[in-house]
>>> print(open('entry_11.pdb').read())   # PDB, C-alpha atoms, pLDDT in the B column
MODEL        1
ATOM      1  CA  MET A   1      17.914 -18.335   1.750  1.00 68.00           C
ATOM      2  CA  LYS A   2      19.489 -19.165  -1.591  1.00 77.00           C
ATOM      3  CA  ILE A   3      17.336 -19.510  -4.698  1.00 83.00           C
ATOM      4  CA  PHE A   4      17.678 -18.815  -8.398  1.00 88.00           C
ATOM      5  CA  GLY A   5      15.278 -16.638 -10.330  1.00 91.00           C
ATOM      6  CA  LEU A   6      14.485 -15.277 -13.768  1.00 94.00           C
ATOM      7  CA  VAL A   7      14.151 -11.529 -14.327  1.00 94.00           C
ATOM      8  CA  VAL A   8      10.711 -11.104 -15.908  1.00 95.00           C
ATOM      9  CA  GLU A   9      10.540  -7.313 -15.735  1.00 95.00           C
ATOM     10  CA  SER A  10      12.985  -4.470 -15.204  1.00 93.00           C
ATOM     11  CA  TYR A  11      12.269  -0.747 -14.892  1.00 92.00           C
ATOM     12  CA  GLY A  12      14.431   1.936 -13.315  1.00 88.00           C
ATOM     13  CA  LYS A  13      15.605   0.769  -9.894  1.00 89.00           C
ATOM     14  CA  TYR A  14      13.073  -2.061  -9.731  1.00 93.00           C
ATOM     15  CA  VAL A  15      13.169  -5.665 -10.901  1.00 93.00           C
ATOM     16  CA  LYS A  16      10.568  -8.423 -10.776  1.00 95.00           C
ATOM     17  CA  VAL A  17      12.022 -11.899 -10.370  1.00 94.00           C
ATOM     18  CA  LYS A  18      10.213 -15.222 -10.775  1.00 94.00           C
ATOM     19  CA  THR A  19      11.514 -18.100  -8.650  1.00 92.00           C
ATOM     20  CA  SER A  20      10.452 -21.599  -7.675  1.00 91.00           C
ATOM     21  CA  ASP A  21       8.669 -20.288  -4.566  1.00 89.00           C
ATOM     22  CA  GLY A  22       6.952 -17.220  -6.014  1.00 91.00           C
ATOM     23  CA  GLU A  23       7.720 -13.760  -7.343  1.00 94.00           C
ATOM     24  CA  TYR A  24       9.798 -10.965  -5.842  1.00 93.00           C
ATOM     25  CA  ILE A  25      10.072  -7.240  -6.450  1.00 95.00           C
ATOM     26  CA  ILE A  26      13.556  -6.059  -5.583  1.00 92.00           C
ATOM     27  CA  LYS A  27      15.178  -2.628  -5.597  1.00 91.00           C
ATOM     28  CA  SER A  28      18.781  -1.563  -5.997  1.00 87.00           C
ATOM     29  CA  GLY A  29      20.766   1.576  -6.617  1.00 83.00           C
ATOM     30  CA  LYS A  30      22.833  -0.318  -9.187  1.00 82.00           C
ATOM     31  CA  LYS A  31      21.987  -0.875 -12.839  1.00 82.00           C
ATOM     32  CA  ALA A  32      19.232  -3.469 -13.008  1.00 83.00           C
ATOM     33  CA  PRO A  33      19.781  -6.766 -14.866  1.00 87.00           C
ATOM     34  CA  LYS A  34      17.950  -7.116 -18.177  1.00 89.00           C
ATOM     35  CA  GLU A  35      14.761  -9.090 -18.666  1.00 92.00           C
ATOM     36  CA  GLY A  36      15.511 -12.765 -19.230  1.00 93.00           C
ATOM     37  CA  ALA A  37      18.637 -12.731 -17.063  1.00 91.00           C
ATOM     38  CA  LYS A  38      19.059 -15.420 -14.415  1.00 92.00           C
ATOM     39  CA  ILE A  39      20.094 -14.206 -10.975  1.00 88.00           C
ATOM     40  CA  GLU A  40      20.738 -15.751  -7.587  1.00 85.00           C
ATOM     41  CA  LEU A  41      18.825 -14.461  -4.573  1.00 83.00           C
ATOM     42  CA  LYS A  42      20.436 -14.981  -1.184  1.00 77.00           C
ATOM     43  CA  ASP A  43      20.454 -13.283   2.198  1.00 72.00           C
ATOM     44  CA  PHE A  44      24.078 -14.024   3.072  1.00 70.00           C
ATOM     45  CA  GLY A  45      27.553 -13.502   1.645  1.00 68.00           C
ATOM     46  CA  VAL A  46      28.325 -11.062  -1.160  1.00 74.00           C
ATOM     47  CA  GLY A  47      27.229 -10.638  -4.754  1.00 72.00           C
ATOM     48  CA  ASP A  48      27.625  -8.463  -7.826  1.00 71.00           C
ATOM     49  CA  TYR A  49      24.093  -7.079  -7.588  1.00 76.00           C
ATOM     50  CA  VAL A  50      23.016  -6.055  -4.078  1.00 81.00           C
ATOM     51  CA  ALA A  51      19.291  -5.378  -3.782  1.00 84.00           C
ATOM     52  CA  LYS A  52      16.517  -5.134  -1.213  1.00 87.00           C
ATOM     53  CA  VAL A  53      13.364  -7.268  -1.361  1.00 89.00           C
ATOM     54  CA  LEU A  54      10.385  -4.909  -1.484  1.00 90.00           C
ATOM     55  CA  ALA A  55       7.575  -7.454  -1.782  1.00 91.00           C
ATOM     56  CA  LYS A  56       6.974 -11.132  -2.358  1.00 92.00           C
ATOM     57  CA  LYS A  57       4.084 -13.061  -3.831  1.00 92.00           C
ATOM     58  CA  PRO A  58       2.319 -14.898  -2.281  1.00 85.00           C
ATOM     59  CA  TYR A  59       3.772 -13.996   1.130  1.00 81.00           C
ATOM     60  CA  ASN A  60       3.259 -10.193   1.141  1.00 82.00           C
ATOM     61  CA  PHE A  61       0.633  -9.742  -1.573  1.00 91.00           C
ATOM     62  CA  ARG A  62      -1.747 -11.934  -3.554  1.00 91.00           C
ATOM     63  CA  GLU A  63      -0.282 -10.449  -6.722  1.00 94.00           C
ATOM     64  CA  LEU A  64       2.489  -8.040  -7.611  1.00 96.00           C
ATOM     65  CA  PRO A  65       2.187  -5.002  -9.890  1.00 96.00           C
ATOM     66  CA  SER A  66       4.305  -4.161 -12.889  1.00 96.00           C
ATOM     67  CA  VAL A  67       7.493  -2.515 -11.647  1.00 96.00           C
ATOM     68  CA  ARG A  68       6.765   0.490 -13.872  1.00 96.00           C
ATOM     69  CA  PHE A  69       3.899   1.361 -11.538  1.00 97.00           C
ATOM     70  CA  VAL A  70       6.111   0.754  -8.501  1.00 96.00           C
ATOM     71  CA  GLN A  71       8.452   3.455  -9.802  1.00 95.00           C
ATOM     72  CA  LEU A  72       5.505   5.831 -10.314  1.00 96.00           C
ATOM     73  CA  ALA A  73       4.189   5.097  -6.814  1.00 97.00           C
ATOM     74  CA  GLU A  74       7.584   5.792  -5.258  1.00 95.00           C
ATOM     75  CA  ASP A  75       7.579   9.234  -6.876  1.00 95.00           C
ATOM     76  CA  LEU A  76       4.086   9.904  -5.479  1.00 96.00           C
ATOM     77  CA  VAL A  77       5.059   9.230  -1.851  1.00 95.00           C
ATOM     78  CA  GLU A  78       8.419  11.007  -1.983  1.00 92.00           C
ATOM     79  CA  GLY A  79       8.822  13.092   1.169  1.00 90.00           C
ATOM     80  CA  LEU A  80       5.850  11.449   2.882  1.00 91.00           C
ATOM     81  CA  ASP A  81       6.410  10.587   6.557  1.00 91.00           C
ATOM     82  CA  ILE A  82       4.376   7.414   7.001  1.00 91.00           C
ATOM     83  CA  SER A  83       4.729   3.934   8.484  1.00 89.00           C
ATOM     84  CA  SER A  84       5.579   0.922   6.253  1.00 91.00           C
ATOM     85  CA  LYS A  85       6.295   3.214   3.323  1.00 93.00           C
ATOM     86  CA  GLU A  86       7.686   0.514   1.035  1.00 93.00           C
ATOM     87  CA  ARG A  87       4.569  -1.599   1.458  1.00 94.00           C
ATOM     88  CA  LEU A  88       2.441   1.468   0.722  1.00 96.00           C
ATOM     89  CA  ILE A  89       4.407   1.989  -2.504  1.00 96.00           C
ATOM     90  CA  VAL A  90       3.482  -1.503  -3.717  1.00 96.00           C
ATOM     91  CA  ALA A  91      -0.157  -0.992  -2.662  1.00 97.00           C
ATOM     92  CA  ILE A  92      -0.430   2.278  -4.616  1.00 97.00           C
ATOM     93  CA  ALA A  93       1.241   0.583  -7.596  1.00 97.00           C
ATOM     94  CA  LEU A  94      -1.467  -2.112  -7.584  1.00 97.00           C
ATOM     95  CA  PHE A  95      -4.109   0.636  -7.476  1.00 97.00           C
ATOM     96  CA  LEU A  96      -2.532   2.495 -10.410  1.00 98.00           C
ATOM     97  CA  GLU A  97      -2.131  -0.654 -12.483  1.00 97.00           C
ATOM     98  CA  GLU A  98      -5.797  -1.530 -12.039  1.00 97.00           C
ATOM     99  CA  ILE A  99      -6.826   1.974 -13.163  1.00 97.00           C
ATOM    100  CA  SER A 100      -4.532   1.690 -16.202  1.00 97.00           C
ATOM    101  CA  LYS A 101      -6.694  -1.162 -17.509  1.00 96.00           C
ATOM    102  CA  ARG A 102      -9.503   1.358 -17.996  1.00 96.00           C
ATOM    103  CA  ARG A 103      -7.728   4.624 -18.812  1.00 96.00           C
ATOM    104  CA  GLU A 104      -4.257   6.049 -19.325  1.00 96.00           C
ATOM    105  CA  ILE A 105      -2.280   7.056 -16.247  1.00 96.00           C
ATOM    106  CA  ASP A 106      -1.279  10.500 -17.468  1.00 96.00           C
ATOM    107  CA  LYS A 107       0.613  13.343 -15.834  1.00 96.00           C
ATOM    108  CA  SER A 108      -2.611  15.018 -14.680  1.00 95.00           C
ATOM    109  CA  ILE A 109      -3.708  11.967 -12.676  1.00 96.00           C
ATOM    110  CA  LEU A 110      -0.296  11.609 -11.059  1.00 97.00           C
ATOM    111  CA  GLN A 111      -0.109  15.300 -10.143  1.00 95.00           C
ATOM    112  CA  ARG A 112      -3.561  15.325  -8.543  1.00 95.00           C
ATOM    113  CA  LEU A 113      -2.928  12.075  -6.678  1.00 96.00           C
ATOM    114  CA  LYS A 114       0.380  13.431  -5.375  1.00 95.00           C
ATOM    115  CA  ARG A 115      -1.451  16.551  -4.233  1.00 92.00           C
ATOM    116  CA  ALA A 116      -3.975  14.423  -2.317  1.00 92.00           C
ATOM    117  CA  LEU A 117      -1.206  12.403  -0.654  1.00 93.00           C
ATOM    118  CA  GLY A 118       0.695  15.596   0.149  1.00 88.00           C
ATOM    119  CA  LYS A 119      -2.180  16.765   2.349  1.00 83.00           C
ATOM    120  CA  LEU A 120      -1.233  14.021   4.828  1.00 78.00           C
ATOM    121  CA  GLN A 121       1.904  15.907   5.794  1.00 67.00           C
ATOM    122  CA  THR A 122       1.991  17.966   8.963  1.00 46.00           C
ATOM    123  CA  VAL A 123       1.696  21.578   7.882  1.00 42.00           C
ATOM    124  CA  ASN A 124       3.158  24.664   9.481  1.00 40.00           C
ATOM    125  CA  VAL A 125       1.152  27.715  10.564  1.00 39.00           C
ATOM    126  CA  ALA A 126       1.584  29.517   7.242  1.00 44.00           C
ATOM    127  CA  GLN A 127       0.429  26.450   5.315  1.00 50.00           C
ATOM    128  CA  GLN A 128      -2.559  26.031   7.641  1.00 51.00           C
ATOM    129  CA  SER A 129      -3.548  29.626   6.938  1.00 51.00           C
ATOM    130  CA  MET A 130      -3.340  28.998   3.204  1.00 54.00           C
ATOM    131  CA  GLU A 131      -5.400  25.808   3.516  1.00 55.00           C
ATOM    132  CA  LYS A 132      -8.175  27.710   5.291  1.00 55.00           C
ATOM    133  CA  LYS A 133      -8.433  29.915   2.225  1.00 56.00           C
ATOM    134  CA  GLU A 134      -8.812  26.903  -0.019  1.00 60.00           C
ATOM    135  CA  SER A 135     -12.325  27.002  -1.406  1.00 67.00           C
ATOM    136  CA  ASP A 136     -14.913  24.330  -0.745  1.00 72.00           C
ATOM    137  CA  SER A 137     -15.077  23.743  -4.486  1.00 72.00           C
ATOM    138  CA  ASP A 138     -11.349  22.902  -4.585  1.00 77.00           C
ATOM    139  CA  ARG A 139     -11.732  20.359  -1.789  1.00 79.00           C
ATOM    140  CA  GLN A 140     -14.828  18.912  -3.426  1.00 86.00           C
ATOM    141  CA  GLU A 141     -12.988  18.655  -6.740  1.00 87.00           C
ATOM    142  CA  LEU A 142     -10.212  16.607  -5.114  1.00 87.00           C
ATOM    143  CA  GLU A 143     -12.748  14.379  -3.354  1.00 90.00           C
ATOM    144  CA  ASP A 144     -14.628  13.813  -6.622  1.00 93.00           C
ATOM    145  CA  PHE A 145     -11.340  12.968  -8.342  1.00 94.00           C
ATOM    146  CA  LEU A 146     -10.511  10.293  -5.737  1.00 94.00           C
ATOM    147  CA  ASN A 147     -14.034   8.871  -6.009  1.00 95.00           C
ATOM    148  CA  TYR A 148     -13.599   8.716  -9.784  1.00 96.00           C
ATOM    149  CA  LEU A 149     -10.330   6.791  -9.437  1.00 96.00           C
ATOM    150  CA  ASN A 150     -11.966   4.341  -7.034  1.00 95.00           C
ATOM    151  CA  ILE A 151     -14.706   3.652  -9.571  1.00 95.00           C
ATOM    152  CA  LEU A 152     -12.027   2.798 -12.145  1.00 95.00           C
ATOM    153  CA  SER A 153      -9.812   0.820  -9.773  1.00 94.00           C
ATOM    154  CA  GLY A 154     -11.747  -2.455  -9.870  1.00 91.00           C
ATOM    155  CA  LYS A 155     -10.647  -4.886  -7.194  1.00 95.00           C
ATOM    156  CA  TYR A 156      -8.500  -2.336  -5.344  1.00 96.00           C
ATOM    157  CA  GLY A 157      -9.366   0.906  -3.606  1.00 95.00           C
ATOM    158  CA  LEU A 158      -7.482   3.826  -2.079  1.00 95.00           C
ATOM    159  CA  ILE A 159      -8.903   6.221   0.505  1.00 93.00           C
ATOM    160  CA  ILE A 160      -6.877   9.264   1.561  1.00 92.00           C
ATOM    161  CA  ASN A 161      -7.922  11.021   4.741  1.00 85.00           C
ATOM    162  CA  GLU A 162      -5.896  11.256   7.960  1.00 82.00           C
ATOM    163  CA  GLY A 163      -3.955   8.283   6.617  1.00 89.00           C
ATOM    164  CA  VAL A 164      -4.014   6.091   3.519  1.00 93.00           C
ATOM    165  CA  VAL A 165      -6.374   3.113   3.353  1.00 93.00           C
ATOM    166  CA  PHE A 166      -5.682   0.409   0.760  1.00 95.00           C
ATOM    167  CA  LEU A 167      -8.585  -1.937   0.011  1.00 94.00           C
ATOM    168  CA  ASP A 168      -8.457  -5.377  -1.552  1.00 94.00           C
ATOM    169  CA  ARG A 169     -12.121  -5.762  -2.406  1.00 93.00           C
ATOM    170  CA  GLU A 170     -11.836  -9.325  -3.674  1.00 92.00           C
ATOM    171  CA  ALA A 171     -10.035 -10.622  -0.581  1.00 92.00           C
ATOM    172  CA  GLY A 172     -12.091  -8.589   1.901  1.00 91.00           C
ATOM    173  CA  THR A 173      -8.972  -7.045   3.443  1.00 92.00           C
ATOM    174  CA  PHE A 174      -7.723  -3.520   4.042  1.00 92.00           C
ATOM    175  CA  GLU A 175      -4.628  -1.763   5.343  1.00 93.00           C
ATOM    176  CA  VAL A 176      -4.423   1.616   7.042  1.00 92.00           C
ATOM    177  CA  PHE A 177      -1.107   3.458   6.775  1.00 93.00           C
ATOM    178  CA  LEU A 178      -0.552   6.137   9.419  1.00 90.00           C
ATOM    179  CA  LYS A 179       2.452   8.209  10.412  1.00 89.00           C
ATOM    180  CA  ASP A 180       3.469   5.889  13.256  1.00 89.00           C
ATOM    181  CA  ASN A 181       1.328   2.785  12.833  1.00 90.00           C
ATOM    182  CA  ARG A 182      -0.061   0.345  10.283  1.00 91.00           C
ATOM    183  CA  ILE A 183      -3.326  -1.535  10.667  1.00 91.00           C
ATOM    184  CA  CYS A 184      -4.320  -4.627   8.688  1.00 93.00           C
ATOM    185  CA  GLY A 185      -7.958  -5.655   8.639  1.00 92.00           C
ATOM    186  CA  VAL A 186      -9.730  -8.823   7.510  1.00 93.00           C
ATOM    187  CA  THR A 187     -13.508  -8.899   7.200  1.00 92.00           C
ATOM    188  CA  GLN A 188     -15.757 -11.942   6.848  1.00 90.00           C
ATOM    189  CA  GLN A 189     -19.478 -11.976   6.355  1.00 87.00           C
ATOM    190  CA  ASN A 190     -22.238 -14.506   5.784  1.00 86.00           C
ATOM    191  CA  SER A 191     -25.993 -14.614   6.226  1.00 83.00           C
ATOM    192  CA  LEU A 192     -25.682 -15.277   9.971  1.00 86.00           C
ATOM    193  CA  SER A 193     -22.832 -13.098  11.209  1.00 89.00           C
ATOM    194  CA  SER A 194     -20.025 -10.720  10.340  1.00 92.00           C
ATOM    195  CA  SER A 195     -16.550 -10.338  11.801  1.00 94.00           C
ATOM    196  CA  VAL A 196     -13.487  -8.127  11.549  1.00 93.00           C
ATOM    197  CA  THR A 197      -9.948  -8.826  12.734  1.00 93.00           C
ATOM    198  CA  LEU A 198      -7.487  -5.950  13.060  1.00 92.00           C
ATOM    199  CA  TYR A 199      -3.714  -6.404  13.245  1.00 92.00           C
ATOM    200  CA  PHE A 200      -1.735  -3.434  14.597  1.00 91.00           C
ATOM    201  CA  GLU A 201       1.979  -2.750  14.503  1.00 87.00           C
ATOM    202  CA  LYS A 202       1.344  -1.007  17.840  1.00 86.00           C
ATOM    203  CA  ILE A 203      -1.845  -1.171  19.913  1.00 86.00           C
ATOM    204  CA  PRO A 204      -3.187   2.431  20.100  1.00 83.00           C
ATOM    205  CA  GLU A 205      -4.351   4.089  23.310  1.00 83.00           C
ATOM    206  CA  ASN A 206      -7.943   4.448  22.098  1.00 83.00           C
ATOM    207  CA  VAL A 207      -8.312   0.773  21.147  1.00 87.00           C
ATOM    208  CA  ALA A 208     -11.268   0.211  23.516  1.00 88.00           C
ATOM    209  CA  GLU A 209     -13.228   3.028  21.862  1.00 88.00           C
ATOM    210  CA  LEU A 210     -12.342   1.678  18.426  1.00 86.00           C
ATOM    211  CA  GLU A 211     -13.553  -1.793  19.388  1.00 89.00           C
ATOM    212  CA  ARG A 212     -16.826  -0.369  20.726  1.00 89.00           C
ATOM    213  CA  ARG A 213     -17.490   1.481  17.473  1.00 86.00           C
ATOM    214  CA  LEU A 214     -16.694  -1.578  15.361  1.00 88.00           C
ATOM    215  CA  ARG A 215     -19.153  -3.691  17.345  1.00 90.00           C
ATOM    216  CA  ASN A 216     -21.910  -1.465  15.989  1.00 87.00           C
ATOM    217  CA  ASN A 217     -21.213  -2.988  12.559  1.00 84.00           C
ATOM    218  CA  PHE A 218     -19.698  -6.421  13.267  1.00 91.00           C
ATOM    219  CA  ASN A 219     -20.812  -9.308  15.476  1.00 92.00           C
ATOM    220  CA  VAL A 220     -17.242 -10.353  16.248  1.00 92.00           C
ATOM    221  CA  VAL A 221     -14.296  -7.960  16.662  1.00 92.00           C
ATOM    222  CA  SER A 222     -10.736  -9.218  17.238  1.00 92.00           C
ATOM    223  CA  ILE A 223      -7.762  -6.923  17.816  1.00 90.00           C
ATOM    224  CA  LYS A 224      -4.245  -8.336  17.617  1.00 89.00           C
ATOM    225  CA  LEU A 225      -0.614  -7.333  17.337  1.00 86.00           C
ATOM    226  CA  GLU A 226       0.916  -7.904  13.908  1.00 77.00           C
ATOM    227  CA  ALA A 227       3.974  -9.547  15.479  1.00 64.00           C
ATOM    228  CA  MET A 228       1.759 -11.844  17.577  1.00 47.00           C
ATOM    229  CA  ARG A 229      -0.892 -13.069  15.163  1.00 48.00           C
ATOM    230  CA  ASP A 230      -2.015 -15.764  17.576  1.00 42.00           C
ATOM    231  CA  GLY A 231      -2.413 -13.415  20.528  1.00 38.00           C
ATOM    232  CA  THR A 232      -5.571 -11.387  20.972  1.00 34.00           C
ATOM    233  CA  TYR A 233      -5.751  -8.101  22.812  1.00 31.00           C
ATOM    234  CA  VAL A 234      -8.397  -8.222  25.560  1.00 29.00           C
TER     235      VAL A 234
ENDMDL
END
>>> encode(input="entry_11.pdb", output="structure tokens")
Amino acid sequence: MKIFGLVVESYGKYVKVKTSDGEYIIKSGKKAPKEGAKIELKDFGVGDYVAKVLAKKPYNFRELPSVRFVQLAEDLVEGLDISSKERLIVAIALFLEEISKRREIDKSILQRLKRALGKLQTVNVAQQSMEKKESDSDRQELEDFLNYLNILSGKYGLIINEGVVFLDREAGTFEVFLKDNRICGVTQQNSLSSSVTLYFEKIPENVAELERRLRNNFNVVSIKLEAMRDGTYV
């Protein structure tokens, strides 16, 4: 790959580049080029500015967020042990950007969202004991807060439970981020039938039970490996 691009946004370690075949978000430990600069993207040889491609539009996402929100999202997931972490960062950034159209993303929102994400971590015995003492009202307050954000988030949604679920409401797709797996889902529905296709990084042991439960809500259920999009698990 060798293409030229224009830097359209730069913030912290992140840069958004517009090229002839789409947009890229790239990340580097070096000082980012300024907006308006022209750079060459290539996956061979050497260069003055070495960076990693975090996401590409339209290949990875239908749209890309402002890199300012990517930086905020990276801070939120710091220390989180979860699969496909860089993709999750971009997903959370899209969620935050959509909320920002309706209210300011202030320190309070970021702190409470980080607290919700932090509950995904495996806790030790002492932490478990402390969590048991957490009042029902505290848990309800956090749940109400997440519901409030999802009302504001428009076309995107974020559910935090045993993993993180990112919803693209317009496209009818969702992604589930777990500690050791990532699941992509595509739903389709019309007046006659409904279907769901799940793509796994790794097929889980309880996949038969999962399929059975999904058939209670969908007429057609397909389960596939992400790396083998044309191959269906039977």
>>> residues_around(input="entry_11.pdb", residues="Lys38 of chain A", least_positions_apart="5", cutoff="8 Å", atoms="only C-alpha atoms", output="list in words")
Phe4, Gly5, Leu6 and Val7 of chain A
>>> closest_atom_pairs(input="entry_11.pdb", of="segment 130-172 of chain A", to="segment 95-118 of chain A", cutoff="9 Å", atoms="all atoms listed in the file", output="Markdown table")
| residue | atom | partner | partner_atom | distance |
| --- | --- | --- | --- | --- |
| A:Leu142 | CA | A:Ala116 | CA | 7.2 |
| A:Glu143 | CA | A:Ala116 | CA | 8.8 |
| A:Phe145 | CA | A:Arg112 | CA | 8.1 |
| A:Leu146 | CA | A:Leu113 | CA | 7.8 |
| A:Leu149 | CA | A:Ile99 | CA | 7.0 |
| A:Asn150 | CA | A:Ile99 | CA | 8.3 |
| A:Ile151 | CA | A:Ile99 | CA | 8.8 |
| A:Leu152 | CA | A:Ile99 | CA | 5.4 |
| A:Ser153 | CA | A:Ile99 | CA | 4.7 |
| A:Gly154 | CA | A:Glu98 | CA | 6.4 |
| A:Lys155 | CA | A:Glu98 | CA | 7.6 |
| A:Tyr156 | CA | A:Phe95 | CA | 5.7 |
| A:Gly157 | CA | A:Phe95 | CA | 6.5 |
| A:Leu158 | CA | A:Phe95 | CA | 7.1 |
| A:Ile160 | CA | A:Leu117 | CA | 6.8 |
| A:Asn161 | CA | A:Leu117 | CA | 8.7 |
| A:Gly163 | CA | A:Leu117 | CA | 8.8 |
| A:Val164 | CA | A:Leu117 | CA | 8.1 |
| A:Phe166 | CA | A:Phe95 | CA | 8.4 |
>>> write_last_selection(input="entry_11.pdb", atoms="C-alpha atoms", output="PDB file, keeping the file's coordinate frame")
ATOM      1  CA  LEU A 142     -10.212  16.607  -5.114  1.00 87.00           C
ATOM      2  CA  GLU A 143     -12.748  14.379  -3.354  1.00 90.00           C
ATOM      3  CA  PHE A 145     -11.340  12.968  -8.342  1.00 94.00           C
ATOM      4  CA  LEU A 146     -10.511  10.293  -5.737  1.00 94.00           C
ATOM      5  CA  LEU A 149     -10.330   6.791  -9.437  1.00 96.00           C
ATOM      6  CA  ASN A 150     -11.966   4.341  -7.034  1.00 95.00           C
ATOM      7  CA  ILE A 151     -14.706   3.652  -9.571  1.00 95.00           C
ATOM      8  CA  LEU A 152     -12.027   2.798 -12.145  1.00 95.00           C
ATOM      9  CA  SER A 153      -9.812   0.820  -9.773  1.00 94.00           C
ATOM     10  CA  GLY A 154     -11.747  -2.455  -9.870  1.00 91.00           C
ATOM     11  CA  LYS A 155     -10.647  -4.886  -7.194  1.00 95.00           C
ATOM     12  CA  TYR A 156      -8.500  -2.336  -5.344  1.00 96.00           C
ATOM     13  CA  GLY A 157      -9.366   0.906  -3.606  1.00 95.00           C
ATOM     14  CA  LEU A 158      -7.482   3.826  -2.079  1.00 95.00           C
ATOM     15  CA  ILE A 160      -6.877   9.264   1.561  1.00 92.00           C
ATOM     16  CA  ASN A 161      -7.922  11.021   4.741  1.00 85.00           C
ATOM     17  CA  GLY A 163      -3.955   8.283   6.617  1.00 89.00           C
ATOM     18  CA  VAL A 164      -4.014   6.091   3.519  1.00 93.00           C
ATOM     19  CA  PHE A 166      -5.682   0.409   0.760  1.00 95.00           C
TER      20      PHE A 166
END
>>> closest_residue(input="entry_11.pdb", among="A:Arg87, A:Arg212, A:Tyr148, A:Ala73", to="Val176 of chain A", atoms="only C-alpha atoms")
A:Arg87
>>> closest_residue(input="entry_11.pdb", among="A:Leu214, A:Ile159, A:Val50, A:Val77", to="Lys31 of chain A", atoms="only C-alpha atoms")
A:Val50
>>> closest_residue(input="entry_11.pdb", among="A:Lys18, A:Asn216, A:Lys2, A:Glu78", to="Val46 of chain A", atoms="all atoms listed in the file")
A:Lys2
>>> build_atoms(input="entry_11.pdb", residues="segment 206-223 of chain A", atoms="N, CA and C atoms", output="short mmCIF file (atom, residue, chain, number, x, y, z; two decimals), in the coordinates of the input")
data_model
loop_
_atom_site.label_atom_id
_atom_site.label_comp_id
_atom_site.auth_asym_id
_atom_site.auth_seq_id
_atom_site.Cartn_x
_atom_site.Cartn_y
_atom_site.Cartn_z
N ASN A 206 -6.48 4.39 22.17
CA ASN A 206 -7.94 4.45 22.10
C ASN A 206 -8.55 3.16 21.55
N VAL A 207 -7.86 2.02 21.75
CA VAL A 207 -8.31 0.77 21.15
C VAL A 207 -9.68 0.33 21.68
N ALA A 208 -9.98 0.61 22.95
CA ALA A 208 -11.27 0.21 23.52
C ALA A 208 -12.41 0.95 22.83
N GLU A 209 -12.21 2.24 22.56
CA GLU A 209 -13.23 3.03 21.86
C GLU A 209 -13.39 2.54 20.43
N LEU A 210 -12.29 2.21 19.79
CA LEU A 210 -12.34 1.68 18.43
C LEU A 210 -13.12 0.37 18.38
N GLU A 211 -12.85 -0.51 19.34
CA GLU A 211 -13.55 -1.79 19.39
C GLU A 211 -15.05 -1.58 19.59
N ARG A 212 -15.41 -0.64 20.46
CA ARG A 212 -16.83 -0.37 20.73
C ARG A 212 -17.54 0.10 19.46
N ARG A 213 -16.88 0.97 18.70
CA ARG A 213 -17.49 1.48 17.47
C ARG A 213 -17.63 0.38 16.42
N LEU A 214 -16.63 -0.49 16.35
CA LEU A 214 -16.69 -1.58 15.36
C LEU A 214 -17.81 -2.57 15.67
N ARG A 215 -18.10 -2.74 16.96
CA ARG A 215 -19.15 -3.69 17.34
C ARG A 215 -20.54 -3.21 16.93
N ASN A 216 -20.65 -1.95 16.53
CA ASN A 216 -21.91 -1.46 15.99
C ASN A 216 -22.17 -2.01 14.59
N ASN A 217 -21.09 -2.50 13.94
CA ASN A 217 -21.21 -2.99 12.56
C ASN A 217 -20.84 -4.46 12.39
N PHE A 218 -20.13 -5.03 13.37
CA PHE A 218 -19.70 -6.42 13.27
C PHE A 218 -20.09 -7.19 14.52
N ASN A 219 -20.47 -8.46 14.33
CA ASN A 219 -20.81 -9.31 15.48
C ASN A 219 -19.58 -9.69 16.28
N VAL A 220 -18.48 -9.93 15.59
CA VAL A 220 -17.24 -10.35 16.25
C VAL A 220 -16.12 -9.39 15.87
N VAL A 221 -15.42 -8.87 16.88
CA VAL A 221 -14.30 -7.96 16.66
C VAL A 221 -13.08 -8.52 17.38
N SER A 222 -11.99 -8.74 16.65
CA SER A 222 -10.74 -9.22 17.24
C SER A 222 -9.64 -8.21 16.94
N ILE A 223 -8.85 -7.89 17.96
CA ILE A 223 -7.76 -6.92 17.82
C ILE A 223 -6.47 -7.59 18.25
#
